[in-house]
Structures are given as C-alpha cells and as structure tokens.
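The structure file structure17.txt is reproduced below (compact mmCIF, C-alpha atoms and all ligand atoms).
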```
# COMPACT_ATOMS: atom_id res chain seq x y z
CA MET A 493 6.22 122.70 -3.15
CA LYS A 494 6.19 119.65 -5.42
CA ILE A 495 6.37 120.19 -9.15
CA TRP A 496 5.41 117.59 -11.74
CA LEU A 497 8.26 117.52 -14.24
CA ASP A 498 8.59 115.00 -17.06
CA GLY A 499 6.99 112.11 -15.24
CA LYS A 500 8.08 112.80 -11.66
CA LEU A 501 6.89 114.88 -8.74
CA VAL A 502 10.05 116.63 -7.62
CA ASP A 503 10.85 119.27 -5.07
CA GLU A 504 10.67 122.83 -6.32
CA SER A 505 14.45 123.17 -5.85
CA GLU A 506 14.97 120.24 -8.20
CA ALA A 507 12.46 121.30 -10.84
CA LYS A 508 14.91 122.53 -13.46
CA ILE A 509 14.96 122.53 -17.23
CA SER A 510 17.89 122.83 -19.60
CA VAL A 511 19.22 126.18 -20.78
CA PHE A 512 19.11 124.51 -24.21
CA ASP A 513 15.34 124.04 -23.95
CA HIS A 514 13.76 125.81 -26.90
CA GLY A 515 10.99 127.03 -24.62
CA ILE A 516 13.64 129.31 -23.08
CA LEU A 517 15.75 129.93 -26.18
CA TYR A 518 12.87 130.75 -28.55
CA GLY A 519 9.66 130.86 -26.53
CA ASP A 520 8.86 127.66 -28.39
CA GLY A 521 6.18 126.02 -26.30
CA ILE A 522 2.64 126.31 -25.01
CA PHE A 523 0.82 126.58 -21.69
CA GLU A 524 -2.48 126.50 -19.86
CA GLY A 525 -3.63 128.26 -16.71
CA ILE A 526 -6.26 126.22 -14.87
CA ARG A 527 -8.08 126.72 -11.56
CA CYS A 528 -9.39 124.32 -8.96
CA TYR A 529 -12.12 125.08 -6.46
CA ASN A 530 -13.22 122.95 -3.50
CA GLY A 531 -11.04 120.04 -4.56
CA ARG A 532 -12.28 120.01 -8.16
CA VAL A 533 -10.46 121.15 -11.28
CA PHE A 534 -12.70 123.52 -13.21
CA ARG A 535 -13.20 122.81 -16.94
CA LEU A 536 -10.18 120.52 -17.09
CA ASP A 537 -11.25 118.83 -20.33
CA GLU A 538 -11.62 122.19 -22.05
CA HIS A 539 -8.13 123.27 -20.96
CA ILE A 540 -6.66 120.00 -22.19
CA ASP A 541 -8.51 120.34 -25.49
CA ARG A 542 -7.08 123.83 -25.97
CA LEU A 543 -3.58 122.62 -25.03
CA PHE A 544 -3.77 119.97 -27.74
CA LEU A 545 -4.99 122.53 -30.26
CA SER A 546 -2.08 124.82 -29.37
CA ALA A 547 0.30 121.86 -29.73
CA ARG A 548 -1.17 120.98 -33.13
CA ALA A 549 -0.87 124.58 -34.28
CA ILE A 550 2.85 124.74 -33.47
CA VAL A 551 3.61 121.21 -34.79
CA LEU A 552 4.48 119.92 -31.35
CA LYS A 553 3.77 116.22 -31.01
CA MET A 554 2.42 115.51 -27.54
CA PRO A 555 3.90 112.34 -26.05
CA TRP A 556 1.22 112.28 -23.30
CA SER A 557 -2.43 111.36 -23.72
CA ARG A 558 -5.26 113.61 -22.57
CA ASP A 559 -6.05 111.19 -19.73
CA GLU A 560 -2.45 111.14 -18.59
CA ILE A 561 -2.32 114.93 -18.50
CA ALA A 562 -5.60 115.11 -16.56
CA ARG A 563 -4.21 112.60 -14.07
CA HIS A 564 -0.92 114.47 -13.67
CA VAL A 565 -2.76 117.77 -13.06
CA CYS A 566 -4.77 116.13 -10.28
CA GLU A 567 -1.69 114.38 -8.84
CA THR A 568 0.16 117.69 -8.67
CA CYS A 569 -2.72 119.34 -6.80
CA ALA A 570 -2.96 116.37 -4.45
CA ALA A 571 0.79 116.31 -3.76
CA ASN A 572 0.61 119.95 -2.69
CA ARG A 573 -2.70 119.61 -0.84
CA ILE A 574 -4.15 122.26 -3.13
CA ARG A 575 -7.97 122.28 -3.11
CA ASN A 576 -8.35 125.89 -4.20
CA GLY A 577 -5.60 127.16 -6.43
CA TYR A 578 -4.10 127.85 -9.79
CA ILE A 579 -2.39 125.28 -11.96
CA ARG A 580 0.17 126.37 -14.51
CA LEU A 581 0.94 123.67 -17.06
CA CYS A 582 3.73 124.28 -19.59
CA VAL A 583 4.90 122.18 -22.50
CA THR A 584 8.22 123.27 -23.97
CA ARG A 585 9.78 122.12 -27.22
CA GLY A 586 12.46 120.47 -25.11
CA PRO A 587 16.25 120.60 -25.27
CA GLY A 588 17.98 120.90 -28.63
CA GLU A 589 20.88 122.47 -30.40
CA LEU A 590 21.09 126.19 -30.98
CA GLY A 591 19.06 127.15 -34.02
CA LEU A 592 15.33 127.45 -34.57
CA ASN A 593 14.69 124.05 -36.14
CA PRO A 594 12.09 122.41 -33.88
CA TYR A 595 12.51 119.05 -35.63
CA LEU A 596 15.89 118.74 -33.90
CA SER A 597 14.14 118.80 -30.50
CA PRO A 598 11.95 115.72 -30.59
CA ASN A 599 11.42 115.41 -26.83
CA PRO A 600 9.10 118.05 -25.37
CA SER A 601 9.16 118.70 -21.64
CA MET A 602 6.10 119.22 -19.50
CA PHE A 603 5.92 120.72 -16.05
CA ILE A 604 2.93 121.40 -13.84
CA ILE A 605 2.87 123.90 -10.98
CA ALA A 606 -0.04 123.86 -8.52
CA ALA A 607 -0.01 127.05 -6.48
CA SER A 608 -2.11 130.20 -6.37
CA ILE A 609 -2.48 133.40 -8.37
CA LYS A 610 -3.95 136.82 -7.65
CA LEU A 611 -4.24 139.19 -10.58
CA TYR A 612 -6.02 142.10 -8.88
CA PRO A 613 -6.64 143.09 -5.23
CA ASP A 614 -10.04 142.12 -3.74
CA GLU A 615 -11.34 145.70 -3.66
CA HIS A 616 -11.53 145.73 -7.48
CA TYR A 617 -13.89 142.76 -7.50
CA GLN A 618 -16.18 144.88 -5.29
CA ASN A 619 -15.72 148.34 -6.77
CA GLY A 620 -14.41 147.68 -10.25
CA LEU A 621 -11.12 148.21 -12.07
CA SER A 622 -9.80 151.24 -13.83
CA ILE A 623 -8.05 150.35 -17.08
CA ILE A 624 -6.44 152.06 -20.06
CA THR A 625 -6.02 151.34 -23.76
CA CYS A 626 -2.38 150.52 -24.50
CA ALA A 627 -0.30 151.03 -27.63
CA SER A 628 0.90 147.39 -27.81
CA ARG A 629 -1.34 145.57 -30.28
CA ARG A 630 -2.55 141.98 -30.34
CA PRO A 631 -0.52 140.13 -32.97
CA THR A 632 -2.25 139.40 -36.26
CA PRO A 633 -2.91 135.81 -37.34
CA GLY A 634 -0.17 136.30 -39.93
CA SER A 635 2.48 136.91 -37.26
CA LEU A 636 1.95 135.15 -33.95
CA MET A 637 -1.29 133.13 -34.17
CA PRO A 638 -3.31 134.80 -31.40
CA GLN A 639 -5.24 131.61 -30.65
CA VAL A 640 -2.15 129.73 -29.54
CA LYS A 641 -1.38 129.97 -25.83
CA SER A 642 2.31 130.03 -26.58
CA LEU A 643 5.31 130.87 -24.42
CA ASN A 644 5.61 134.16 -26.39
CA TYR A 645 3.92 136.55 -23.98
CA LEU A 646 6.32 139.46 -24.30
CA ASN A 647 3.71 141.46 -26.15
CA ASN A 648 1.26 141.01 -23.30
CA VAL A 649 3.97 141.69 -20.74
CA MET A 650 4.75 144.99 -22.48
CA ALA A 651 1.03 145.82 -22.50
CA LYS A 652 1.01 145.15 -18.74
CA VAL A 653 4.01 147.48 -18.35
CA GLU A 654 2.06 150.20 -20.14
CA ALA A 655 -0.89 149.65 -17.79
CA ILE A 656 1.26 149.84 -14.66
CA GLN A 657 3.21 152.85 -15.92
CA GLY A 658 -0.13 154.45 -16.69
CA GLY A 659 -1.16 153.99 -13.07
CA VAL A 660 -3.63 151.13 -13.56
CA LEU A 661 -3.52 147.33 -13.38
CA GLU A 662 -4.89 146.31 -16.75
CA ALA A 663 -4.95 147.43 -20.37
CA VAL A 664 -7.18 146.93 -23.38
CA MET A 665 -5.29 145.64 -26.39
CA LEU A 666 -6.54 146.52 -29.87
CA ASN A 667 -5.81 144.55 -33.00
CA GLU A 668 -3.90 146.00 -35.96
CA GLN A 669 -7.16 147.39 -37.39
CA GLY A 670 -7.80 149.29 -34.16
CA TYR A 671 -10.67 147.10 -33.01
CA VAL A 672 -10.86 145.77 -29.46
CA ALA A 673 -9.31 142.34 -29.00
CA GLU A 674 -8.99 141.72 -25.26
CA CYS A 675 -6.87 142.67 -22.24
CA THR A 676 -3.38 141.41 -21.33
CA GLY A 677 -4.64 138.15 -19.85
CA ASP A 678 -8.42 138.49 -19.86
CA ASN A 679 -11.28 138.63 -22.34
CA ILE A 680 -13.48 141.72 -22.30
CA PHE A 681 -17.27 142.06 -22.27
CA ILE A 682 -19.72 144.94 -22.26
CA ILE A 683 -23.41 145.29 -21.56
CA ARG A 684 -25.47 147.72 -23.56
CA LYS A 685 -29.25 147.96 -23.29
CA ASN A 686 -29.41 144.64 -21.40
CA LYS A 687 -27.46 142.80 -24.09
CA LEU A 688 -24.01 141.27 -23.66
CA TYR A 689 -21.26 141.80 -26.26
CA THR A 690 -17.73 140.49 -26.58
CA PRO A 691 -15.17 140.76 -29.42
CA LEU A 692 -14.93 138.00 -31.99
CA ILE A 693 -12.14 135.44 -31.78
CA SER A 694 -11.27 136.50 -35.33
CA ASP A 695 -10.61 140.03 -33.99
CA GLY A 696 -7.77 138.67 -31.84
CA ALA A 697 -9.53 137.59 -28.65
CA LEU A 698 -8.24 134.39 -27.12
CA ASP A 699 -10.88 131.65 -27.21
CA GLY A 700 -11.08 131.94 -23.45
CA ILE A 701 -12.59 129.17 -21.38
CA THR A 702 -14.06 131.69 -18.94
CA ARG A 703 -15.38 133.63 -21.95
CA ASP A 704 -17.24 130.50 -23.03
CA VAL A 705 -18.57 129.91 -19.53
CA ILE A 706 -19.88 133.50 -19.39
CA LEU A 707 -21.69 133.05 -22.71
CA GLU A 708 -23.24 129.83 -21.38
CA LEU A 709 -24.31 131.58 -18.17
CA ALA A 710 -25.76 134.51 -20.13
CA GLU A 711 -27.88 132.01 -22.01
CA LYS A 712 -28.99 130.44 -18.72
CA LEU A 713 -29.80 133.80 -17.15
CA GLY A 714 -31.73 134.90 -20.23
CA ILE A 715 -29.28 137.68 -21.13
CA PRO A 716 -29.05 137.94 -24.95
CA TYR A 717 -25.50 138.03 -26.28
CA GLU A 718 -23.55 138.63 -29.44
CA GLU A 719 -19.91 138.19 -30.44
CA ARG A 720 -19.03 141.10 -32.69
CA THR A 721 -16.35 143.50 -33.84
CA MET A 722 -16.04 146.26 -31.27
CA SER A 723 -14.25 149.59 -31.18
CA ARG A 724 -13.34 151.77 -28.24
CA TYR A 725 -16.58 153.66 -28.91
CA ASP A 726 -18.45 150.55 -27.76
CA LEU A 727 -16.45 150.42 -24.55
CA TYR A 728 -16.73 154.14 -23.76
CA THR A 729 -20.49 154.14 -24.26
CA ALA A 730 -21.25 150.81 -22.56
CA ASP A 731 -23.60 150.52 -19.59
CA GLU A 732 -21.34 147.93 -17.96
CA CYS A 733 -17.98 146.35 -18.67
CA PHE A 734 -16.11 143.39 -17.17
CA LEU A 735 -13.14 141.13 -17.81
CA THR A 736 -12.93 137.36 -17.61
CA GLY A 737 -10.15 134.82 -17.32
CA THR A 738 -9.23 131.72 -15.37
CA ALA A 739 -6.78 133.74 -13.29
CA ALA A 740 -8.84 136.96 -13.18
CA GLU A 741 -12.22 135.18 -12.84
CA VAL A 742 -14.86 137.91 -13.42
CA VAL A 743 -13.81 141.46 -12.60
CA PRO A 744 -15.92 144.58 -13.20
CA VAL A 745 -14.41 147.54 -15.07
CA VAL A 746 -15.70 151.00 -14.16
CA GLU A 747 -13.22 153.31 -15.89
CA LEU A 748 -11.40 153.23 -19.22
CA ASP A 749 -8.84 155.86 -20.24
CA ARG A 750 -10.00 157.98 -17.27
CA ARG A 751 -13.57 157.97 -18.60
CA ILE A 752 -16.29 156.57 -16.38
CA ILE A 753 -18.18 153.59 -17.79
CA GLY A 754 -21.92 153.56 -17.08
CA ASP A 755 -22.51 155.02 -13.63
CA GLY A 756 -19.01 154.14 -12.42
CA LYS A 757 -20.15 151.15 -10.36
CA PRO A 758 -20.25 147.44 -11.16
CA GLY A 759 -23.63 146.91 -12.81
CA PRO A 760 -26.44 144.42 -12.13
CA HIS A 761 -25.69 142.12 -15.09
CA THR A 762 -22.01 141.98 -14.17
CA ARG A 763 -22.95 141.09 -10.58
CA ALA A 764 -25.42 138.42 -11.72
CA LEU A 765 -22.85 136.83 -14.03
CA LEU A 766 -20.14 137.04 -11.38
CA ASP A 767 -22.38 135.29 -8.82
CA ALA A 768 -23.42 132.64 -11.33
CA TYR A 769 -19.77 132.10 -12.22
CA HIS A 770 -18.85 131.51 -8.57
CA ASP A 771 -21.80 129.15 -8.09
CA LEU A 772 -20.63 127.11 -11.08
CA THR A 773 -16.94 127.04 -10.15
CA ASN A 774 -17.84 125.96 -6.61
CA SER A 775 -20.06 123.13 -7.69
CA THR A 776 -18.53 121.50 -10.78
CA GLY A 777 -15.22 120.07 -11.96
CA THR A 778 -12.98 117.03 -12.05
CA PRO A 779 -12.41 115.73 -8.50
CA ILE A 780 -8.85 115.74 -7.16
CA PRO A 781 -8.26 112.50 -5.26
CA LEU A 782 -6.83 113.92 -2.02
N1 LIG B 801 -6.49 136.28 -22.98
C1 LIG B 801 -5.20 135.93 -22.82
C2 LIG B 801 -4.17 136.56 -23.69
C3 LIG B 801 -4.86 134.97 -21.87
O1 LIG B 801 -3.58 134.62 -21.73
C4 LIG B 801 -7.20 134.80 -21.24
C5 LIG B 801 -7.47 135.74 -22.23
C6 LIG B 801 -8.33 134.18 -20.51
O2 LIG B 801 -8.58 132.86 -20.95
P1 LIG B 801 -9.19 131.74 -20.03
O3 LIG B 801 -9.22 130.53 -20.87
O4 LIG B 801 -8.29 131.60 -18.84
O5 LIG B 801 -10.55 132.19 -19.63
C7 LIG B 801 -5.87 134.41 -21.04
C8 LIG B 801 -5.55 133.43 -19.96
C9 LIG B 801 -0.75 132.97 -16.13
C10 LIG B 801 -1.82 133.73 -16.86
O6 LIG B 801 0.18 133.59 -15.59
C11 LIG B 801 -2.51 133.14 -17.88
C12 LIG B 801 -3.51 133.85 -18.56
C13 LIG B 801 -3.81 135.12 -18.15
C14 LIG B 801 -3.10 135.71 -17.10
C15 LIG B 801 -2.10 135.02 -16.44
O7 LIG B 801 -0.82 131.74 -16.08
N2 LIG B 801 -4.19 133.24 -19.60
```

So, in terms of structure tokens, how does the structure I just supplied come out?
Amino acid sequence: MKIWLDGKLVDESEAKISVFDHGILYGDGIFEGIRCYNGRVFRLDEHIDRLFLSARAIVLKMPWSRDEIARHVCETCAANRIRNGYIRLCVTRGPGELGLNPYLSPNPSMFIIAASIKLYPDEHYQNGLSIITCASRRPTPGSLMPQVKSLNYLNNVMAKVEAIQGGVLEAVMLNEQGYVAECTGDNIFIIRKNKLYTPLISDGALDGITRDVILELAEKLGIPYEERTMSRYDLYTADECFLTGTAAEVVPVVELDRRIIGDGKPGPHTRALLDAYHDLTNSTGTPIPL
C-alpha cells in the first residue's frame, strides 16, 4: 500500500512520523474520513472545507491549498488502484519539543491513507443494529470543541468500549445536559409520524457530511425534517431510527437499550433514504484519474 506523506507517495513500511509529533504526544491534529465510489470521491469539497474549519479552530496553519489536498487525495487513491474505498486524511501539528506549545511546531505533517473500512457487518444493514446508551458523554463546547474532527477520539473510543462490553456494536452518546448528541462515529436520526428528526449541532452532534446529505435527500423525497433537541424519550418512542456517517453510510437501528424501536424492523423511510443515498454516492463525486 502506498501512503501519501508530506509530499511523497511512500510504501506503507516507510510511512512513519516522529515520536515528537504533537499529534502523537498531545492528540494535537485533525482528520477527515472520506469515501470514494466507482472511481469518484464523494463530497470531497465538503470534507476539505470541514478540514480547513477544524484547522482554523485549533490555530493550525495549513501549508497546502484546498486544490493541492484534493489532488493528493485522488493521487493516493490512484496509486493504490482504489475505486471504492475509504480515505483517511490526517494533519498533525508536526514534530516539536516536549511541551504543549503548538507555536513551537510550525511544520504540520499530512498523511493520506486510501484503503477500506467496515464499521458493521452486512446483516445489520439488512436487519438493523441493536445499540445502547453509554455513560461517556460528548464533550461540551467549553472543553473539547465537539465540531472539530480532532485527533482526540479517546472519549469516542471509550464509548465504543462500553458498546462492545454491553454486547452491541454502537452506542448513543448524550451531552452533559442528558440530551442526545450522536453515536461514537455516526449521527443519529429518527422518524416519527412521517417526519425526520436529528439532534442539533449545538447539542453536540458533529456537523456530519452524511447528515447533510440525508437532510438534502429528505427534502428531495418530500420527507419533512427538523433539527431539534432530542432526549432518549424521542428515541425510545420513534417509529424508525438510523445512523449516518461516511464510514457507516446509512444503517438502520431497531433496538436501543434492549427496547424495540418501532416494529423492530428497518422502516420504509429508512429504506428509501438508504436507497437514495446509494444512488447518489454511486453517481456523483470528484473523478479519480486512474
Ligand atoms: N460523528 C463523529 C463523532 C464522527 O467522527 C461522524 C459523526 C459522521 O460524519 P460524516 O461527516 O462522516 O458523515 C463522524 C465521522 C475513522 C472514522 O476511523 C471516522 C468517523 C467515524 C468513524 C470512524 O476514520 N468520523
């Protein structure tokens, strides 16, 4: 596998970063997870926009332009003959001395992996996932800005541990007020009385690119939607529930905290949105010159 690292496509065995990189020492850095389908990178501009917003939020000056990054993403896919896959792009603060001061690390590093990812087995896309609510909370804007896709994912990793130890594959994370934020790496949606709902960004949901796509598709399909503060009550009493993310795509949820949601089967609106999502991912995107 070839990895793009600081300007070069190098063999995986040579793709190494310094132990003094602040991405490792302090989780000081940002990332994006991007997918490509049929030789096209899906919503690449949106991912690059969010990367630059994350960079701005953590005062990391990007030495690469948007166009350069887009080109390097495509080059990495091409070098690995990836037409359908998952691209993990990381920007770290770069090497520096010990100590938090990011201003002493003026040279960020970027690496791009083009490979694949599978968050849940296929059967769950057919029959739905069972999930739990976990005790780990989404950080508040006053601690770790929840909008930044930073290299600090320990909170989400611990939430995932709770899910797995609880015998399921995914967990709902609440915010400090006890309202629903999202899952460990996915946004959450419900359907109630033919209307679609998802938590507000201000309640700790990541401004997910798949989330946006689903809202666009709901509009197209004539499904009314609303972003609003949601509690577990809303999830327990929903007609349908599903999760979205670049890695997860669209996955139905049929059980939460051992309670059945709706009739325990993926519902018609979830199916319609899932199909529309696949149609869109298969037909749009930035071409990879292979
Ligand atoms: N919430 C969180 C906390 C995420 O990290 C999403 C929602 C979905 O957002 P998008 O824009 O993808 O629709 C994410 C996405 C990985 C990985 O290993 C990345 C994510 C999720 C799971 C795994 O690259 N990020």

- Item | Best match for closeness to Asp771 (chain A) among A:Gly659, A:Ser628, A:Leu709, A:Tyr612, counting all atoms listed in the file | A:Leu709

- Long-range neighbours of Cys626 (chain A) as a ChimeraX atom specification, 8 Å cut-off, all atoms listed in the file, 3 positions minimum in chain: /A:629,651,654-655,663-666

- Message: Can you work out which residues are within 8 Å of ligand LIG 801 (chain B), considering all atoms listed in the file, and then hand them over as a ChimeraX atom specification?
- Response: /A:523-526,539,579-580,609,611,638,641,648,674-679,697-704,736-741

- Nearest to Asp541 (chain A) among A:Val742, A:Ile516, A:Ile574, A:Ala562, with distances taken over all atoms listed in the file: which residue is it?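 Checking each of A:Val742, A:Ile516, A:Ile574, A:Ala562 against Asp541 (chain A), counting all atoms listed in the file, the winner is A:Ala562.
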
Where's the centre, and what are the edge lengths in Å to one decimal, of a box along x, y and z enclosing all listed atoms of region 579-584 of chain A padded 5 Å per side, as lines of an AutoDock Vina configuration file?
```
center_x = 2.9
center_y = 124.3
center_z = -18.0
size_x = 20.6
size_y = 14.2
size_z = 22.0
```

Shell around Leu727 (chain A) at 8 Å using only C-alpha atoms, local window under 4 positions removed, as a PDB file with C-alpha atoms, keeping the file's coordinate frame:
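See result.pdb below for the written result:
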```
ATOM      1  CA  ILE A 682     -19.720 144.940 -22.260  1.00  0.00           C
ATOM      2  CA  MET A 722     -16.040 146.260 -31.270  1.00  0.00           C
ATOM      3  CA  SER A 723     -14.250 149.590 -31.180  1.00  0.00           C
ATOM      4  CA  CYS A 733     -17.980 146.350 -18.670  1.00  0.00           C
ATOM      5  CA  LEU A 748     -11.400 153.230 -19.220  1.00  0.00           C
ATOM      6  CA  ILE A 753     -18.180 153.590 -17.790  1.00  0.00           C
TER       7      ILE A 753
END
```

- In Å to one decimal, how far is CA of Lys652 (chain A) from CA of Thr721 (chain A)?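 CA of Thr721 (chain A) sits 23.1 Å away from CA of Lys652 (chain A).
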
- Shell around Ala570 (chain A) at 10 Å using all atoms listed in the file, local window under 6 positions removed, as a PyMOL selection string: chain A and resi 494+531+564+606+780-782

- Item | Pick from A:Lys757, A:Arg532, A:Lys685, A:Lys500, whichever lies nearest to His616 (chain A) using all atoms listed in the file | A:Lys757

- Task: Work out how far CA of Gly759 (chain A) is from CA of Val660 (chain A), in Å to one decimal.
- Result: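 Going from CA of Val660 (chain A) over to CA of Gly759 (chain A) covers 20.5 Å.
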
- Message: Every residue with an atom at most 8 Å from (3.6, 118.0, -6.0) (file coordinates; all atoms listed in the file) is what I'm after, so could you write them as a VMD selection string?
- Response: chain A and resid 493 to 496 501 to 503 567 to 572 605 to 606

Mind running region 619-646 of chain A against region 667-671 of chain A at 8 Å and telling me each contacting residue's nearest atom pair with the distance in Å (one decimal), counting all atoms listed in the file, chain and number ascending, as CSV?
```
residue,atom,partner,partner_atom,distance
A:Arg629,CA,A:Asn667,CA,5.3
A:Arg630,CA,A:Asn667,CA,4.9
A:Pro631,CA,A:Asn667,CA,6.9
A:Thr632,CA,A:Glu668,CA,6.8
```

- Task: Find the residue from A:Phe512, A:Tyr769, A:Tyr725, A:Tyr529 that sits nearest to Leu707 (chain A); use only C-alpha atoms when measuring.
- Result: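 For Leu707 (chain A), the nearest of the given residues is A:Tyr769.
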
- For Gly588 (chain A), the nearest of the candidates A:Ile604, A:Leu643, A:Ile522, A:Val511, counting all atoms listed in the file: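 Of the candidates, the smallest distance to Gly588 (chain A) is held by A:Val511.
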
- CA of Arg750 (chain A) and CA of Asn619 (chain A) are how many Å apart?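 Distance reported for this atom pair: 15.4 Å.
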